[in-house]
Amino acid sequence: MVENMLEMSFGAPRATEQLWHAVSEPTDPDGEFPAHSHAVDQLMWAPGGGMRVRAGGAQWRIPGDHLVWVPAHTEHALAMVGSTALLSVYQRPEVRPEGERFARPLVLPTEPLMRALFRELCAHTPEGPEAVPAERRRLSFELLRELLGSARESHDALALPVDPRARRVAEALLRDPADPRPITDWAAGEGISAKTLLRAFAAETGFTFAQWRTRARVYRVARLLGEGSSVQDAALRVGFATSTGCIQAFRGVFGVTPAVYHSRERGRA
């Protein structure tokens with residue numbers, strides 16, 4: 001197998017004789033990759049923060065402990081949310097994991113072994129001072145592929161509305177989750193009724209407007225904890241009236257308290 005890249009586009013091979021390629025692409029914490037597509041599948045991960053992804057008609061806010069799978073020829077765009085690196089494994093469709101679900105974009109949770117394999121594949125090149133034996137790289141890729149095939153599909157990522165008016169409201173709340181304006185004000189700003197905005201959030205994200213805003217605040221709390229904020233400070237910064245209310249909402253989304261979550265995430269780093 002020849003391991004040389006002929007052309008690169010956002011790290012992806014436009015033409016290649018190899019079956020797969022792994023790369024770590026440095027980014028700005030708020031860097032963006034405009035809409036594009038390529039002839040290979042892409043598995044991507046933004047550790048230490050997260051990203052907003054639009055792919056195949058779906059839009060998500062992805063936390064840093066989740067992966068995104070984008071099949072070949074699927075237009076996608078992404079924006080980083082606090083991460084300074086985008087780790088990607090590009091592979092030809094003939095070696096994608098088995099299952100019809102891999103023909104569409106997916107969000108998948110990570111586990112320790114999966115993260116370790118991903119980091120190793122992206123950190124080492126087949127040539128140069130950090131080279132590792134080709135057989136070890138092949139086995140690492142095959143194991144990662146097997147883990148992907150059996151991974152459950154995640155529904156923890158925060159879906160974004162497709163309706164452009166609702167999406168603008170969602171993106172504004174992601175920028176400033178502490179914004180206290182009621183839905184009537186948001187709807188008026190878009191020139192629509194509150195009922196129309198409510199229907200868009202419920203139909204396109206699976207959550208009511210209030211539930212979606214709470215999850216947006218909780219996700220920002222998780223990010224702030226990773227940056228060193230206390231629970232009380234993070235709660236007030238994102239719009240919770242009390243730290244108790246923040247902890248209850250956090251537990252409702254992640255299943256654990258902010259302290260437990262932060263401790264777990266530090267262990268994953």
# chains A, B, ... in the order shown; residues from 1 in each chain; ligands from 1

$ residues_around --residues "stretch 64-78 of chain A" --least-positions-apart "3" --cutoff "7 Å" --atoms "only C-alpha atoms" --output "PyMOL selection string"
chain A and resi 32-56+93+102-110

$ write_last_selection --atoms "C-alpha atoms" --output "mmCIF file, in the first residue's frame"
data_model
loop_
_atom_site.group_PDB
_atom_site.id
_atom_site.type_symbol
_atom_site.label_atom_id
_atom_site.label_comp_id
_atom_site.auth_asym_id
_atom_site.auth_seq_id
_atom_site.Cartn_x
_atom_site.Cartn_y
_atom_site.Cartn_z
ATOM 1 C CA GLU A 32 -14.403 27.655 10.667
ATOM 2 C CA PHE A 33 -14.289 25.170 7.784
ATOM 3 C CA PRO A 34 -16.699 26.352 5.055
ATOM 4 C CA ALA A 35 -19.046 23.991 3.235
ATOM 5 C CA HIS A 36 -17.188 21.361 1.231
ATOM 6 C CA SER A 37 -17.269 17.678 0.361
ATOM 7 C CA HIS A 38 -14.777 15.035 -0.668
ATOM 8 C CA ALA A 39 -14.718 11.565 -2.183
ATOM 9 C CA VAL A 40 -13.770 9.859 1.079
ATOM 10 C CA ASP A 41 -15.501 9.283 4.404
ATOM 11 C CA GLN A 42 -14.409 11.443 7.338
ATOM 12 C CA LEU A 43 -14.446 10.692 11.051
ATOM 13 C CA MET A 44 -13.699 13.835 13.059
ATOM 14 C CA TRP A 45 -13.132 14.766 16.666
ATOM 15 C CA ALA A 46 -12.510 18.134 18.357
ATOM 16 C CA PRO A 47 -11.139 17.272 21.828
ATOM 17 C CA GLY A 48 -10.969 19.875 24.542
ATOM 18 C CA GLY A 49 -13.960 21.844 23.333
ATOM 19 C CA GLY A 50 -16.396 20.895 20.623
ATOM 20 C CA MET A 51 -17.772 22.058 17.305
ATOM 21 C CA ARG A 52 -20.886 23.031 15.408
ATOM 22 C CA VAL A 53 -21.459 20.814 12.406
ATOM 23 C CA ARG A 54 -23.822 20.967 9.453
ATOM 24 C CA ALA A 55 -23.902 17.806 7.358
ATOM 25 C CA GLY A 56 -26.466 16.257 5.055
ATOM 26 C CA PRO A 93 -15.910 4.058 1.363
ATOM 27 C CA PHE A 102 -22.749 4.730 7.949
ATOM 28 C CA ALA A 103 -24.220 5.949 4.668
ATOM 29 C CA ARG A 104 -25.481 9.057 6.521
ATOM 30 C CA PRO A 105 -23.929 11.534 8.975
ATOM 31 C CA LEU A 106 -23.752 10.262 12.551
ATOM 32 C CA VAL A 107 -22.811 11.513 16.009
ATOM 33 C CA LEU A 108 -21.097 8.877 18.142
ATOM 34 C CA PRO A 109 -19.870 8.974 21.762
ATOM 35 C CA THR A 110 -16.261 8.149 22.485
#

$ select_by_dssp --residues "stretch 88-221 of chain A" --states "helix (DSSP H, G or I)" --output "VMD selection string"
chain A and resid 93 to 95 100 to 103 112 to 123 134 to 150 164 to 175 183 to 190 194 to 205 209 to 221

$ residues_around --residues "A:His21" --least-positions-apart "6" --cutoff "7 Å" --atoms "only C-alpha atoms" --output "list in words"
Val89, Tyr90 and Gln91 of chain A

$ residues_around --residues "A:Thr214" --least-positions-apart "6" --cutoff "12 Å" --atoms "only C-alpha atoms" --output "list of chain:residue names"
A:Leu158, A:Ala170, A:Leu173, A:Leu174, A:Pro177, A:Ala178, A:Asp179, A:Pro180, A:Phe207, A:Thr208, A:Arg220, A:Val221, A:Ala235, A:Val238, A:Gly239, A:Phe240, A:Gly245, A:Cys246, A:Ile247, A:Gln248, A:Ala249, A:Phe250, A:Arg251, A:Gly252, A:Val253

$ atom_distance --atom1 "atom CA of A:Arg115" --atom2 "atom CA of A:Pro161"
29.2 Å

$ select_by_dssp --residues "stretch 37-233 of chain A" --states "strand (DSSP E or B)" --output "PyMOL selection string"
chain A and resi 41-45+50-55+58-63+66-70+76-80+85-91+106-109+158-159

$ closest_residue --among "A:Gly226, A:Arg181, A:Glu142, A:Gln232" --to "A:Phe209" --atoms "only C-alpha atoms"
A:Arg181

$ residues_around --residues "A:Glu146" --least-positions-apart "5" --cutoff "12 Å" --atoms "only C-alpha atoms" --output "list in words"
Val95, Arg96, Pro97, Glu98, Gly99, Leu113, Met114, Leu117, Leu139, Ser140, Phe141 and Ala151 of chain A

$ closest_residue --among "A:Val162, A:Ala202, A:Leu224, A:Ile183" --to "A:Gly57" --atoms "only C-alpha atoms"
A:Val162

$ closest_residue --among "A:Arg145, A:His262, A:Arg215, A:Ala210" --to "A:Ser230" --atoms "only C-alpha atoms"
A:His262

$ residues_around --residues "stretch 187-189 of chain A" --least-positions-apart "3" --cutoff "12 Å" --atoms "only C-alpha atoms" --output "list in words"
Arg165, Ala166, Arg167, Arg168, Val169, Ala170, Ala172, Arg181, Pro182, Ile183, Thr184, Ile192, Ser193, Ala194, Lys195, Thr196, Leu197, Leu198, Arg199, Ala200, Phe201 and Phe209 of chain A

$ closest_residue --among "A:Pro26, A:Gly82, A:Pro164, A:Gly31" --to "A:Cys122" --atoms "only C-alpha atoms"
A:Pro26

$ atom_distance --atom1 "atom CA of A:Met80" --atom2 "atom CA of A:Arg61"
9.8 Å

$ closest_residue --among "A:Gly206, A:Pro258, A:Pro29, A:Pro133" --to "A:Ala222" --atoms "only C-alpha atoms"
A:Pro258

$ closest_residue --among "A:Ala159, A:Ala116, A:Arg136, A:Ala123" --to "A:Glu25" --atoms "only C-alpha atoms"
A:Ala123

$ decode --residues "stretch 223-253 of chain A" --atoms "C-alpha atoms" --output "JSON list (two decimals), in the first residue's frame"
[["chain", "number", "residue", "atom", "x", "y", "z"],
["A", 223, "ARG", "CA", -16.95, 24.17, 28.57],
["A", 224, "LEU", "CA", -16.38, 26.77, 31.29],
["A", 225, "LEU", "CA", -15.58, 24.08, 33.85],
["A", 226, "GLY", "CA", -12.92, 22.77, 31.49],
["A", 227, "GLU", "CA", -11.48, 26.29, 31.32],
["A", 228, "GLY", "CA", -11.19, 26.45, 35.11],
["A", 229, "SER", "CA", -14.39, 28.19, 36.20],
["A", 230, "SER", "CA", -16.17, 27.18, 39.39],
["A", 231, "VAL", "CA", -19.71, 25.78, 39.18],
["A", 232, "GLN", "CA", -21.15, 28.92, 40.78],
["A", 233, "ASP", "CA", -19.33, 31.28, 38.44],
["A", 234, "ALA", "CA", -20.20, 29.22, 35.35],
["A", 235, "ALA", "CA", -23.86, 29.00, 36.41],
["A", 236, "LEU", "CA", -24.21, 32.75, 36.72],
["A", 237, "ARG", "CA", -22.34, 33.44, 33.49],
["A", 238, "VAL", "CA", -24.70, 31.30, 31.41],
["A", 239, "GLY", "CA", -27.93, 32.55, 32.95],
["A", 240, "PHE", "CA", -28.85, 30.18, 35.77],
["A", 241, "ALA", "CA", -30.28, 32.01, 38.77],
["A", 242, "THR", "CA", -28.56, 29.69, 41.26],
["A", 243, "SER", "CA", -25.83, 27.07, 41.27],
["A", 244, "THR", "CA", -28.40, 24.58, 42.59],
["A", 245, "GLY", "CA", -30.56, 25.08, 39.52],
["A", 246, "CYS", "CA", -27.47, 24.66, 37.33],
["A", 247, "ILE", "CA", -26.50, 21.40, 39.03],
["A", 248, "GLN", "CA", -30.01, 20.01, 38.61],
["A", 249, "ALA", "CA", -30.10, 20.93, 34.92],
["A", 250, "PHE", "CA", -26.58, 19.58, 34.39],
["A", 251, "ARG", "CA", -27.53, 16.27, 35.96],
["A", 252, "GLY", "CA", -30.59, 16.12, 33.72],
["A", 253, "VAL", "CA", -28.43, 16.41, 30.59]]
